[in-house]
Structure formats: structure tokens, C-alpha cells
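Chemist: Once you've had a glance at the structure underneath, I'll fire off some questions.
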Amino acid sequence: MLRLCDAATPVPRRGFLRQATHLAAATALPRWAWSQTRLRHDPFGLGVASGDPTPDGVVLWTRLLPEDPLQALSPQTVHWELADDPGFRRIVRRGQASAEPHWGHSVHVELTGLAPDRWYHYRFWHGDAVSTPGRTRTAPADDAMPAAVRIAFASCQRWEHGHYAAWRHVAADHPDLVLFLGDYLYEYASPKDSSGLARTHPLRHASTLADFRDRYALYKSDPQLQAAHASCPWAVVWDDHEVQNDYAGALGRGDPTHFLALRSAAWQAFYENMPLRASSLEASGFHSLQLYRRLRWGRLAHLHLLDSRQYRSRQACRPSDSSSAPAVRPQDCGALSEAQRSLLGPAQEHWLGAGLAADARPGATVWTVLAQQTLFSPRRYPSGVVSSDSWDGYPAARSRLLQAIAGHAPRNTVLLGGDIHQNYVCQVRAAGAPPDTASPGAVIASEFCGTSLTSRSGSTQAQVDAIVRQNPHVLLARCEQRGYGLADLTPQRWTTHLRVLDDPLQEDSSARTLARFVVEEGRPGPVLDGAESQNR
């Protein structure tokens with residue numbers, strides 16, 4: 001926070017340094033900002049972000065904070081600049097946007113007409129305050145064949161369970177794109193017993209728009225998360241905790257009318273705080289938010305981002321008053337195998353099938369990427385139960401997707417997921433193929449389900465090892481580490497690095513690569529390429 005002092009007032013050393021910093025920054029202000037209102041606080045305390053790059057554009061995001069959190073801001077004008085260089089000497093584009101109170105004073109600037117496959121730098125201005133600069137880029141032209149792309153993927157970052165050191169390492173890895181696969185925040189109040197937690201917060205269990213706005217402000221106050229947002233464009237989807245644990249479409253806990261009001265508030269706050277396009281909104285209000293969409297990285301990769309929460313059928317055999325989805329025994333839950341039950345909903349299933357068919361055309365894409373929320377491959381537990389909240393709870397829907405992958409035969413399909421707070425690497429097998437068969441054509445795709453960024457696993461490695469023994473298609477399963485995934489794609493191969501923290505309770509934790517897997521072009525199924533232990 002910068003506070004200017006009158007020249008006649010003695011300035012303490014700390015105040016002098018703040019004033020000197022402000023005066024140094026003022027020399028970089030564009031001429032149009034010289035006469036702007038002087039502010040006594042940093043309105044850009046939640047950082048900046050960009051998202052959903054196309055060959056000619058990208059979304060720029062920020063959200064203004066009032067000096068007094070209890071005082072409502074009126075509409076505010078925010079200026080922005082886009083430059084070719086980090087010093088902002090070569091301005092490519094500039095403009096202004098209105099930060100409206102109805103949208104939590106968030107700003108979504110949708111740029112078009114930019115050059116493809118190009119890095120840019122951007123910043124925002126309000127009064128005499130300037131944001132931290134961000135770095136973003138456009139995607140390659142649709143018909144281009146890039147030599148490589150680096151994608152980081154992550155999920156599940158509960159505030160109390162760890163510091164965000166992983167995001168510092170993500171930024172240092174210099175990805176072209178970050179895929180966030182759900183559970184950006186958790187709706188809970190901090191536990192009364194804080195033992196073993198990295199940190200706590202004073203916020204109540206979120207249930208109103210103000211509550212969710214406060215929760216995003218808390219999470220986005222973290223400097224390491226801000227640095228990752230500012231390092232490259234993101235593409236985001238949600239899971240359940242952005243609203244309520246294990247909710248399914250329009251069905252949640254308690255009174256249905258109350259739940260729908262809570263869901264609308266949560267969805268609005270999600271839009272306000274993410275670098276999403278206005279086209280994701282529905283004109284009738286927050287009864288829907290269009291999150292399933294496609295991003296193309298030239299002819300190298302086609303990313304299908306899926307939404308497995310908004311349109312899903314209720315979990316099979318879940319009691320109406322249950323706070324979470326149960327584990328069920330298939331023989332005791334006839335609803336589990338009902339053909340009409342869907343995790344994605346009929347419209348999204350059709351949309352995805354059409355996308356897979358398009359990817360199968362010669363020369364359309366090398367890598368088909370399904371970015372979704374949870375583990376896709378089946379897990380047979382020694383106890384005989386299955387999770388009703390994951391794809392295991394929707395076996396008919398999974399079979400339909402497997403048939404679409406095999407029937408349209410895209411050259412290389414890779415599924416990315418999160419949610420389960422464990423690292424899983426799997427061979428994706430054709431519908432009906434026994435999990436232990438080695439026959440040709442049994443393996444049709446590859447899966448990397450990443451561990452949580454901070455959220456605890458709730459399992460032990462002994463329990464996970466017992467599951468692996470029942471599931472030969474699982475090549476790796478580890479529950480102890482927190483971290484993220486890093487995927488390097490070229491026309492010849494896909495390489496996934498499973499990056500894990502040494503201690504998520506430490507703000508400056510080092511990170512290492514737990515294992516590295518490779519998928520060769522034209523040969524479905526991951527292959528272990530090595531394990532590393534070098535810290536960074």
C-alpha cells in the first residue's frame with residue numbers, strides 16, 4: 001500500500017522508501033495517467049490474469065478492491081495496455097473498461113486482432129495505481145504445426161491444507177498454458193482444530209455472493225498464485241467445491257430453492273474471478289455458465305475442456321439428505337448401471353462426440369486432449385465398492401465416451417483430470433476390454449490424473465497399493481504428495497512430468513519430479529520414462 005505524505009511532514013524511513021518507490025513508478029506512467037486521481041491503496045491487490053487464448057486474441061482480467069472493504073465502490077474506469085516488450089515501450093493496444101459493482105468490480109477485456117503465436121505483456125491502471133504486469137500469449141494459427149507446447153495442469157488448492165509453493169514452481173517452468181481442472185477454492189470455514197494446517201482464515205462457510213467474493217479475494221491474495229496467473233494464460237473449469245461438496249446439477253443439500261440461489265451466487269463469483277469470456281454467460285442470469293469449450297494449439301493439440309458438474313445426473317443411490325456422495329456396491333445399487341445416467345449431460349456428450357469425429361480427420365490434430373475433473377479409468381476396490389461421484393458412478397456414460405474415442409479413432413487421445421488428490425497414470429482400455437488383457441487394440445488412450453495442489457488425500461499409500469493390485473491398467477498411483485503436472489507436447493511425443501512438493505506446509509518448499517511418462521505418437525498408453533529426485 002502506498003501512502004503519500006505532505007512535503008512538510010517528516011517521513012519515517014519506511015514511508016520514505018514507499019514514497020520513493022511510488023515516484024519511481026510514476027515516471028513510467030503514460031501521459032494520460034498523470035492527471036488521474038491519487039489513491040491511498042493498491043486497488044490491484046488480487047493481481048492480474050489472462051485466459052482462453054486464440055490465434056488472434058486472449059482475455060485479460062483483474063478485479064478492483066476498495067480501500068475500505070466495508071464500503072461499496074461505485075462504477076470505476078480501468079485503463080489497460082498491451083505491449084510487445086516487458087518495459088511497455090512498444091504499445092500494441094490500449095483501452096479502458098468499466099469495473100461495475102454488479103460484477104464485483106471485475107474486468108474482462110476480450111482482445112482480438114492480435115498476431116498468432118506471440119507473447120505479449122499487459123497491465124492495468126486506475127487513478128495513479130498500476131497493476132503488476134502480466135505476460136500472456138496467443139495460440140498458433142489453426143493450420144500451423146508448432147514444434148512444441150508446454151501445458152501445466154493442476155486442481156484442488158484448499159487454503160488451509162498448504163501454501164501455494166507449487167505455483168511458484170509452475171511459473172518457473174514457463175508453461176505456455178495452465179489448465180486448472182477444478183476446486184479453485186473450498187467453501188468451508190476453517191476447522192476448529194488447526195493442528196497440522198499450514199494456515200487458517202476467518203471466513204464463514206460460503207453461502208452468499210458476498211461470501212464467495214470474499215473467498216476468492218482470500219485465495220487470490222496469495223502472491224505465489226498471483227505470480228502463476230501473471231506468467232501465462234490459463235484455461236479454467238470447475239468441480240464441486242466452487243459451489244458445494246458433491247453437488248450434482250441442480251441438486252444439492254437442503255431446500256432446493258435455497259440451493260439454487262447459492263449455486264447462482266457461486267457461479268457468478270466464479271465468472272467474476274476468472275479470465276473467462278462474456279460469451280460464457282447466459283443472458284437470463286446465472287442459471288447456466290458455458291464452461292465446456294475447445295481451445296486449439298494449431299494442428300499440434302486440440303483441447304476439449306469438459307464440465308462434469310453442471311449437467312450430471314444425481315449420484316446413484318444417494319440419500320436425499322446426504323452431505324456427500326456414497327461409495328456403493330454395484331450389486332446393491334441398480335441405478336448405477338442405468339443407461340440414461342450421464343456425467344456430462346446429453347448435449348455435452350453429443351458436442352464431445354462431434355469434436356472427436358472432427359479430430360479424426362487426417363491432419364486435423366496430433367493430440368486430442370480431454371481436460372476434465374476427475375479420474376476416468378475404473379478403480380476396483382478390494383472391498384467391492386465404487387465411488388458414485390466419479391466416472392465409476394456413471395459406467396454407461398464412460399462406455400459411451402470410450403466407444404466415441406475408439407469409433408472416431410483420433411490419432412492420440414490423452415485425458416487429464418484431478419479431484420482425487422492422488423497421482424494416477426493409467427492405460428485407457430476400450431469398453432468391454434478386460435483390464436488385464438494385452439491384446440492389440442485394448443489400449444485406446446492415455447490418462448494422467450494429477451494430485452492436488454494442496455488438498456489432503458485422506459488415504460494411505462498402503463490402501464492405494466491394494467487398489468493397484470486389483471487394477472492392472474493403473475501404471476502409477478501415489479497419494480502422499482501434493483503438486484501439479486507438466487506436459488510437454490511435440491508432434492512425435494507427449495511427456496508428462498509429475499511434479500511434487502517436498503513439504504506443502506512450507507511456503508518456500510522445493511519441488512521435484514516424482515516420475516516421467518511418455519506417450520509416443522500413434523501408440524496409445526503411457527510408458528514410464530524415468531524418475532528424478534533433483535530438487536528445485
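Chain labels A, B, ... are given in the sequence in which chains occur in the C-alpha cells; within each chain residues are numbered consecutively from 1, and ligands are likewise numbered from 1 in the order shown.
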Using only C-alpha atoms, which residues sit within 10 Å of A:Ser322 once same-chain residues fewer than 2 positions away are excluded, as a list in words?

Modeler: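 The residues that qualify are Asp246, Gly252, Arg253, Gly254, Arg318, Pro319, Ser320, Ser324, Ala325 and Pro326 of chain A.
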
Chemist: Would you save the residues of that selection, restricted to C-alpha atoms, as a CSV table (one decimal), in the first residue's frame?

Modeler:
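Saved to result-v6.csv:
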chain,number,residue,atom,x,y,z
A,246,ASP,CA,-20.6,-33.3,-4.3
A,252,GLY,CA,-27.6,-30.1,-3.6
A,253,ARG,CA,-28.2,-30.2,0.1
A,254,GLY,CA,-31.1,-28.7,1.9
A,318,ARG,CA,-27.5,-41.2,-2.8
A,319,PRO,CA,-29.9,-40.4,0.1
A,320,SER,CA,-31.7,-37.1,-0.3
A,324,SER,CA,-21.7,-36.3,0.2
A,325,ALA,CA,-22.0,-39.0,-2.5
A,326,PRO,CA,-21.7,-42.5,-1.1

Chemist: For A:His241, please output as JSON, numbers by chain all residues within 7 Å (counting only C-alpha atoms; exclusion window: fewer than 5 positions along the same chain).

Modeler: {"A": [183, 185, 186, 187]}

Chemist: Find the residues around stretch 293-310 of chain A up to 8 Å (only C-alpha atoms counted), leave out those fewer than 5 positions away in its own chain, and share them as JSON, numbers by chain.

Modeler: {"A": [52, 53, 54, 139, 140, 141, 142, 143, 144, 145, 146, 148, 237, 238, 239, 240, 247, 248, 249, 250, 288, 343, 344, 352, 355, 359, 363, 364, 365, 366, 367, 368, 369, 370, 371, 372, 373, 489, 490, 491]}

Chemist: Could you give me, as a list of chain:residue names, each residue of stretch 184-244 of chain A that DSSP assigns to helix (DSSP H, G or I) when run on this structure's backbone?

Modeler: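 Helix (DSSP H, G or I) members of stretch 184-244 of chain A, listed: A:Leu209, A:Ala210, A:Asp211, A:Phe212, A:Arg213, A:Asp214, A:Arg215, A:Tyr216, A:Ala217, A:Leu218, A:Tyr219, A:Lys220, A:Pro223, A:Gln224, A:Leu225, A:Gln226, A:Ala227, A:Ala228, A:His229, A:Ala230, A:Ser231.
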
Chemist: DSSP on the backbone, then: every residue of stretch 198-436 of chain A marked strand (DSSP E), written as a PyMOL selection string.

Modeler: chain A and resi 234-236+293-297+301-305+327-328+367-371+386-387+413-417+423-429

Chemist: What is the distance, in Å and to one decimal place, between atom CA of A:Leu203 and atom CA of A:Arg158?

Modeler: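 That distance, rounded to one decimal, is 13.4 Å.
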
Chemist: Quick one: residues within 12 Å of A:Ala189, only C-alpha atoms, excluding same-chain residues fewer than 5 positions away - as an MDAnalysis selection string?

Modeler: chainID A and resid 158:160 194 200:207 211:212 215

Chemist: Export, as a short mmCIF file (atom, residue, chain, number, x, y, z; two decimals), in the first residue's frame, the selected residues with all heavy atoms.

Modeler:
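selection-v4.cif, written as the output of this step:
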data_model
loop_
_atom_site.label_atom_id
_atom_site.label_comp_id
_atom_site.auth_asym_id
_atom_site.auth_seq_id
_atom_site.Cartn_x
_atom_site.Cartn_y
_atom_site.Cartn_z
N ARG A 158 -7.01 -26.27 -1.50
CA ARG A 158 -7.61 -25.79 -0.26
C ARG A 158 -6.59 -24.95 0.51
O ARG A 158 -5.45 -25.36 0.74
CB ARG A 158 -8.11 -26.95 0.60
CG ARG A 158 -8.84 -26.47 1.85
CD ARG A 158 -9.65 -27.54 2.52
NE ARG A 158 -10.27 -27.00 3.73
CZ ARG A 158 -11.09 -27.69 4.52
NH1 ARG A 158 -11.41 -28.94 4.20
NH2 ARG A 158 -11.59 -27.14 5.60
N TRP A 159 -7.03 -23.77 0.92
CA TRP A 159 -6.17 -22.76 1.54
C TRP A 159 -5.48 -23.29 2.79
O TRP A 159 -4.27 -23.12 2.96
CB TRP A 159 -7.04 -21.54 1.89
CG TRP A 159 -6.34 -20.43 2.60
CD1 TRP A 159 -6.24 -20.24 3.95
CD2 TRP A 159 -5.65 -19.33 2.00
NE1 TRP A 159 -5.54 -19.10 4.23
CE2 TRP A 159 -5.17 -18.52 3.05
CE3 TRP A 159 -5.40 -18.94 0.69
CZ2 TRP A 159 -4.46 -17.35 2.82
CZ3 TRP A 159 -4.68 -17.78 0.45
CH2 TRP A 159 -4.22 -17.00 1.51
N GLU A 160 -6.22 -23.94 3.65
CA GLU A 160 -5.67 -24.34 4.95
C GLU A 160 -4.69 -25.50 4.83
O GLU A 160 -3.81 -25.66 5.69
CB GLU A 160 -6.79 -24.76 5.91
CG GLU A 160 -7.85 -23.71 6.14
CD GLU A 160 -9.06 -23.93 5.25
OE1 GLU A 160 -8.88 -24.21 4.05
OE2 GLU A 160 -10.18 -23.84 5.78
N SER A 194 -6.82 -26.55 14.41
CA SER A 194 -5.90 -26.09 13.37
C SER A 194 -4.58 -26.86 13.35
O SER A 194 -3.69 -26.51 12.59
CB SER A 194 -5.62 -24.60 13.55
OG SER A 194 -4.99 -24.37 14.80
N THR A 200 -4.90 -20.70 8.48
CA THR A 200 -6.35 -20.68 8.64
C THR A 200 -6.88 -19.36 8.11
O THR A 200 -6.12 -18.47 7.74
CB THR A 200 -6.75 -20.84 10.12
OG1 THR A 200 -6.20 -19.76 10.89
CG2 THR A 200 -6.26 -22.18 10.69
N HIS A 201 -8.22 -19.25 8.08
CA HIS A 201 -8.84 -17.99 7.67
C HIS A 201 -10.08 -17.77 8.53
O HIS A 201 -10.63 -18.71 9.11
CB HIS A 201 -9.19 -18.03 6.18
CG HIS A 201 -10.21 -19.06 5.80
ND1 HIS A 201 -11.56 -18.90 6.06
CD2 HIS A 201 -10.09 -20.27 5.20
CE1 HIS A 201 -12.22 -19.95 5.63
NE2 HIS A 201 -11.35 -20.81 5.10
N PRO A 202 -10.56 -16.53 8.60
CA PRO A 202 -11.69 -16.22 9.48
C PRO A 202 -13.06 -16.29 8.80
O PRO A 202 -14.07 -15.95 9.43
CB PRO A 202 -11.39 -14.78 9.91
CG PRO A 202 -10.74 -14.18 8.69
CD PRO A 202 -9.93 -15.29 8.07
N LEU A 203 -13.11 -16.70 7.54
CA LEU A 203 -14.36 -16.62 6.78
C LEU A 203 -15.32 -17.75 7.16
O LEU A 203 -14.90 -18.87 7.45
CB LEU A 203 -14.07 -16.68 5.29
CG LEU A 203 -13.12 -15.60 4.75
CD1 LEU A 203 -12.88 -15.80 3.26
CD2 LEU A 203 -13.67 -14.20 5.02
N ARG A 204 -16.59 -17.44 7.12
CA ARG A 204 -17.60 -18.45 7.43
C ARG A 204 -17.82 -19.36 6.21
O ARG A 204 -17.34 -19.07 5.11
CB ARG A 204 -18.91 -17.78 7.81
CG ARG A 204 -19.59 -17.04 6.67
CD ARG A 204 -20.91 -16.42 7.11
NE ARG A 204 -21.65 -15.85 5.98
CZ ARG A 204 -22.87 -15.33 6.08
NH1 ARG A 204 -23.47 -15.30 7.26
NH2 ARG A 204 -23.47 -14.84 5.01
N HIS A 205 -18.56 -20.43 6.40
CA HIS A 205 -18.94 -21.32 5.30
C HIS A 205 -19.67 -20.50 4.24
O HIS A 205 -20.66 -19.84 4.53
CB HIS A 205 -19.84 -22.43 5.83
CG HIS A 205 -20.04 -23.55 4.86
ND1 HIS A 205 -19.60 -24.83 5.09
CD2 HIS A 205 -20.63 -23.58 3.64
CE1 HIS A 205 -19.93 -25.61 4.06
NE2 HIS A 205 -20.56 -24.87 3.17
N ALA A 206 -19.18 -20.53 3.02
CA ALA A 206 -19.71 -19.65 1.97
C ALA A 206 -21.10 -20.08 1.53
O ALA A 206 -21.33 -21.26 1.22
CB ALA A 206 -18.77 -19.65 0.77
N SER A 207 -22.02 -19.12 1.48
CA SER A 207 -23.38 -19.42 1.02
C SER A 207 -24.02 -18.26 0.27
O SER A 207 -25.09 -18.43 -0.31
CB SER A 207 -24.28 -19.80 2.20
OG SER A 207 -24.39 -18.72 3.12
N ASP A 211 -20.07 -13.88 0.36
CA ASP A 211 -19.19 -14.90 0.93
C ASP A 211 -18.23 -15.43 -0.13
O ASP A 211 -17.02 -15.58 0.12
CB ASP A 211 -20.01 -16.07 1.47
CG ASP A 211 -20.82 -15.73 2.71
OD1 ASP A 211 -20.50 -14.73 3.37
OD2 ASP A 211 -21.78 -16.47 3.01
N PHE A 212 -18.75 -15.74 -1.31
CA PHE A 212 -17.89 -16.32 -2.35
C PHE A 212 -16.91 -15.27 -2.88
O PHE A 212 -15.75 -15.60 -3.19
CB PHE A 212 -18.73 -16.90 -3.48
CG PHE A 212 -19.36 -18.23 -3.13
CD1 PHE A 212 -20.71 -18.33 -2.87
CD2 PHE A 212 -18.58 -19.37 -3.05
CE1 PHE A 212 -21.29 -19.56 -2.54
CE2 PHE A 212 -19.14 -20.60 -2.73
CZ PHE A 212 -20.50 -20.70 -2.46
N ARG A 215 -14.17 -15.20 -0.46
CA ARG A 215 -13.33 -16.40 -0.53
C ARG A 215 -12.34 -16.30 -1.70
O ARG A 215 -11.17 -16.64 -1.57
CB ARG A 215 -14.22 -17.64 -0.68
CG ARG A 215 -13.50 -18.98 -0.48
CD ARG A 215 -12.98 -19.09 0.96
NE ARG A 215 -14.01 -18.84 1.93
CZ ARG A 215 -14.68 -19.79 2.60
NH1 ARG A 215 -14.41 -21.05 2.35
NH2 ARG A 215 -15.58 -19.48 3.49
#

Chemist: Give me the residues within 7 Å of A:Thr136 as a PyMOL selection string, counting only C-alpha atoms and dropping any in the same chain fewer than 5 places off.

Modeler: chain A and resi 50+119-121+231-233

Chemist: Please dump the current selection as a PDB file, in the first residue's frame; keep N, CA and C atoms.

Modeler:
ATOM      1  N   SER A  50      -4.839 -13.783 -17.362  1.00  0.00           N
ATOM      2  CA  SER A  50      -5.309 -13.842 -18.737  1.00  0.00           C
ATOM      3  C   SER A  50      -5.768 -15.266 -19.015  1.00  0.00           C
ATOM      4  N   TRP A 119       3.994 -13.812 -27.753  1.00  0.00           N
ATOM      5  CA  TRP A 119       3.921 -13.402 -26.348  1.00  0.00           C
ATOM      6  C   TRP A 119       3.724 -11.894 -26.262  1.00  0.00           C
ATOM      7  N   TYR A 120       2.900 -11.474 -25.279  1.00  0.00           N
ATOM      8  CA  TYR A 120       2.635 -10.061 -25.021  1.00  0.00           C
ATOM      9  C   TYR A 120       2.745  -9.786 -23.515  1.00  0.00           C
ATOM     10  N   HIS A 121       2.818  -8.511 -23.202  1.00  0.00           N
ATOM     11  CA  HIS A 121       2.828  -8.061 -21.808  1.00  0.00           C
ATOM     12  C   HIS A 121       1.663  -7.089 -21.619  1.00  0.00           C
ATOM     13  N   SER A 231       1.947 -15.268 -15.231  1.00  0.00           N
ATOM     14  CA  SER A 231       3.048 -15.802 -16.033  1.00  0.00           C
ATOM     15  C   SER A 231       2.635 -16.261 -17.422  1.00  0.00           C
ATOM     16  N   CYS A 232       1.341 -16.611 -17.599  1.00  0.00           N
ATOM     17  CA  CYS A 232       0.880 -17.130 -18.886  1.00  0.00           C
ATOM     18  C   CYS A 232      -0.640 -17.219 -18.853  1.00  0.00           C
ATOM     19  N   PRO A 233      -1.290 -17.457 -19.987  1.00  0.00           N
ATOM     20  CA  PRO A 233      -2.753 -17.604 -19.966  1.00  0.00           C
ATOM     21  C   PRO A 233      -3.179 -18.912 -19.305  1.00  0.00           C
TER      22      PRO A 233
END

Chemist: Using Å and a single decimal, report how far atom CA of A:Ser155 sits from atom CA of A:Phe270.

Modeler: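 Separation between atom CA of A:Phe270 and atom CA of A:Ser155: 14.9 Å.
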
Chemist: Can you tell me how far atom CA of A:Gln224 sits from atom CA of A:Ala165, in Å to one decimal?

Modeler: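 Taking atom CA of A:Gln224 as the start and atom CA of A:Ala165 as the end point, the length is 6.5 Å.
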
Chemist: Give me the residues near A:Cys317 as JSON, numbers by chain, where near means some atom within 9 Å (using only C-alpha atoms) and where sequence neighbours in that chain fewer than 3 positions away do not count.

Modeler: {"A": [314, 325, 326, 328, 333, 334, 335, 336, 388]}

Chemist: Grab the residues selected above and save them as a PDB file, in the first residue's frame with all heavy atoms.

Modeler:
ATOM      1  N   ARG A 314     -27.956 -37.108 -10.793  1.00  0.00           N
ATOM      2  CA  ARG A 314     -27.654 -37.265  -9.375  1.00  0.00           C
ATOM      3  C   ARG A 314     -26.913 -38.586  -9.147  1.00  0.00           C
ATOM      4  O   ARG A 314     -27.150 -39.581  -9.838  1.00  0.00           O
ATOM      5  CB  ARG A 314     -28.939 -37.247  -8.547  1.00  0.00           C
ATOM      6  CG  ARG A 314     -28.701 -37.292  -7.026  1.00  0.00           C
ATOM      7  CD  ARG A 314     -30.014 -37.143  -6.273  1.00  0.00           C
ATOM      8  NE  ARG A 314     -29.840 -37.247  -4.833  1.00  0.00           N
ATOM      9  CZ  ARG A 314     -29.492 -36.242  -4.041  1.00  0.00           C
ATOM     10  NH1 ARG A 314     -29.291 -35.048  -4.567  1.00  0.00           N
ATOM     11  NH2 ARG A 314     -29.352 -36.410  -2.742  1.00  0.00           N
ATOM     12  N   ALA A 325     -21.568 -37.827  -1.668  1.00  0.00           N
ATOM     13  CA  ALA A 325     -21.957 -38.976  -2.476  1.00  0.00           C
ATOM     14  C   ALA A 325     -21.387 -40.250  -1.864  1.00  0.00           C
ATOM     15  O   ALA A 325     -20.213 -40.286  -1.484  1.00  0.00           O
ATOM     16  CB  ALA A 325     -21.454 -38.808  -3.903  1.00  0.00           C
ATOM     17  N   PRO A 326     -22.163 -41.309  -1.765  1.00  0.00           N
ATOM     18  CA  PRO A 326     -21.687 -42.519  -1.091  1.00  0.00           C
ATOM     19  C   PRO A 326     -20.853 -43.404  -2.011  1.00  0.00           C
ATOM     20  O   PRO A 326     -20.924 -43.306  -3.237  1.00  0.00           O
ATOM     21  CB  PRO A 326     -22.994 -43.220  -0.709  1.00  0.00           C
ATOM     22  CG  PRO A 326     -23.937 -42.845  -1.817  1.00  0.00           C
ATOM     23  CD  PRO A 326     -23.574 -41.431  -2.197  1.00  0.00           C
ATOM     24  N   VAL A 328     -20.748 -47.159  -3.222  1.00  0.00           N
ATOM     25  CA  VAL A 328     -21.844 -48.117  -3.322  1.00  0.00           C
ATOM     26  C   VAL A 328     -21.321 -49.451  -3.854  1.00  0.00           C
ATOM     27  O   VAL A 328     -20.276 -49.512  -4.518  1.00  0.00           O
ATOM     28  CB  VAL A 328     -22.967 -47.598  -4.240  1.00  0.00           C
ATOM     29  CG1 VAL A 328     -23.550 -46.309  -3.691  1.00  0.00           C
ATOM     30  CG2 VAL A 328     -22.458 -47.383  -5.665  1.00  0.00           C
ATOM     31  N   CYS A 333     -27.032 -51.538  -5.891  1.00  0.00           N
ATOM     32  CA  CYS A 333     -27.458 -50.229  -6.398  1.00  0.00           C
ATOM     33  C   CYS A 333     -27.777 -50.360  -7.878  1.00  0.00           C
ATOM     34  O   CYS A 333     -26.923 -50.104  -8.738  1.00  0.00           O
ATOM     35  CB  CYS A 333     -26.363 -49.183  -6.151  1.00  0.00           C
ATOM     36  SG  CYS A 333     -26.770 -47.527  -6.728  1.00  0.00           S
ATOM     37  N   GLY A 334     -29.001 -50.751  -8.163  1.00  0.00           N
ATOM     38  CA  GLY A 334     -29.398 -50.956  -9.549  1.00  0.00           C
ATOM     39  C   GLY A 334     -29.323 -49.701 -10.395  1.00  0.00           C
ATOM     40  O   GLY A 334     -29.065 -49.771 -11.608  1.00  0.00           O
ATOM     41  N   ALA A 335     -29.518 -48.527  -9.766  1.00  0.00           N
ATOM     42  CA  ALA A 335     -29.491 -47.276 -10.537  1.00  0.00           C
ATOM     43  C   ALA A 335     -28.128 -46.999 -11.137  1.00  0.00           C
ATOM     44  O   ALA A 335     -28.005 -46.263 -12.117  1.00  0.00           O
ATOM     45  CB  ALA A 335     -29.914 -46.114  -9.633  1.00  0.00           C
ATOM     46  N   LEU A 336     -27.087 -47.599 -10.557  1.00  0.00           N
ATOM     47  CA  LEU A 336     -25.727 -47.312 -11.014  1.00  0.00           C
ATOM     48  C   LEU A 336     -25.561 -47.602 -12.506  1.00  0.00           C
ATOM     49  O   LEU A 336     -24.878 -46.857 -13.212  1.00  0.00           O
ATOM     50  CB  LEU A 336     -24.733 -48.149 -10.206  1.00  0.00           C
ATOM     51  CG  LEU A 336     -23.253 -47.816 -10.369  1.00  0.00           C
ATOM     52  CD1 LEU A 336     -22.933 -46.488  -9.708  1.00  0.00           C
ATOM     53  CD2 LEU A 336     -22.394 -48.925  -9.780  1.00  0.00           C
ATOM     54  N   SER A 388     -19.436 -43.232  -6.216  1.00  0.00           N
ATOM     55  CA  SER A 388     -20.584 -42.820  -7.026  1.00  0.00           C
ATOM     56  C   SER A 388     -20.435 -41.408  -7.573  1.00  0.00           C
ATOM     57  O   SER A 388     -21.245 -40.979  -8.403  1.00  0.00           O
ATOM     58  CB  SER A 388     -21.874 -42.910  -6.203  1.00  0.00           C
ATOM     59  OG  SER A 388     -21.844 -41.992  -5.117  1.00  0.00           O
TER      60      SER A 388
END

Chemist: Quick one: everything within 7 Å of A:Arg516, counting only C-alpha atoms, minus sequence neighbours fewer than 3 positions away in the same chain. Send it as a list in words.

Modeler: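 What passes the distance filter is Thr495, Thr496, His497, Leu498, Leu528, Asp529, Gly530 and Ala531 of chain A.
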
Chemist: Between A:Arg199, A:His421, A:His79, A:Arg469, single out the one closest to A:Tyr484, counting only C-alpha atoms.

Modeler: A:His421

Chemist: Closest to A:Arg135 among A:Gln226, A:Ser106, A:Ser510, A:Ser190, using only C-alpha atoms?

Modeler: A:Gln226

Chemist: I'd like to know which of A:Ala442, A:Val527, A:Ala230, A:Leu46 is closest to A:Leu218, using only C-alpha atoms.

Modeler: A:Leu46

Chemist: Of the candidates A:Ala115, A:Leu64, A:Leu453, A:Ala269, which one gets nearest to A:Gly418 if we count only C-alpha atoms?

Modeler: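 The shortest atom-to-atom distance to A:Gly418 comes from A:Leu453.
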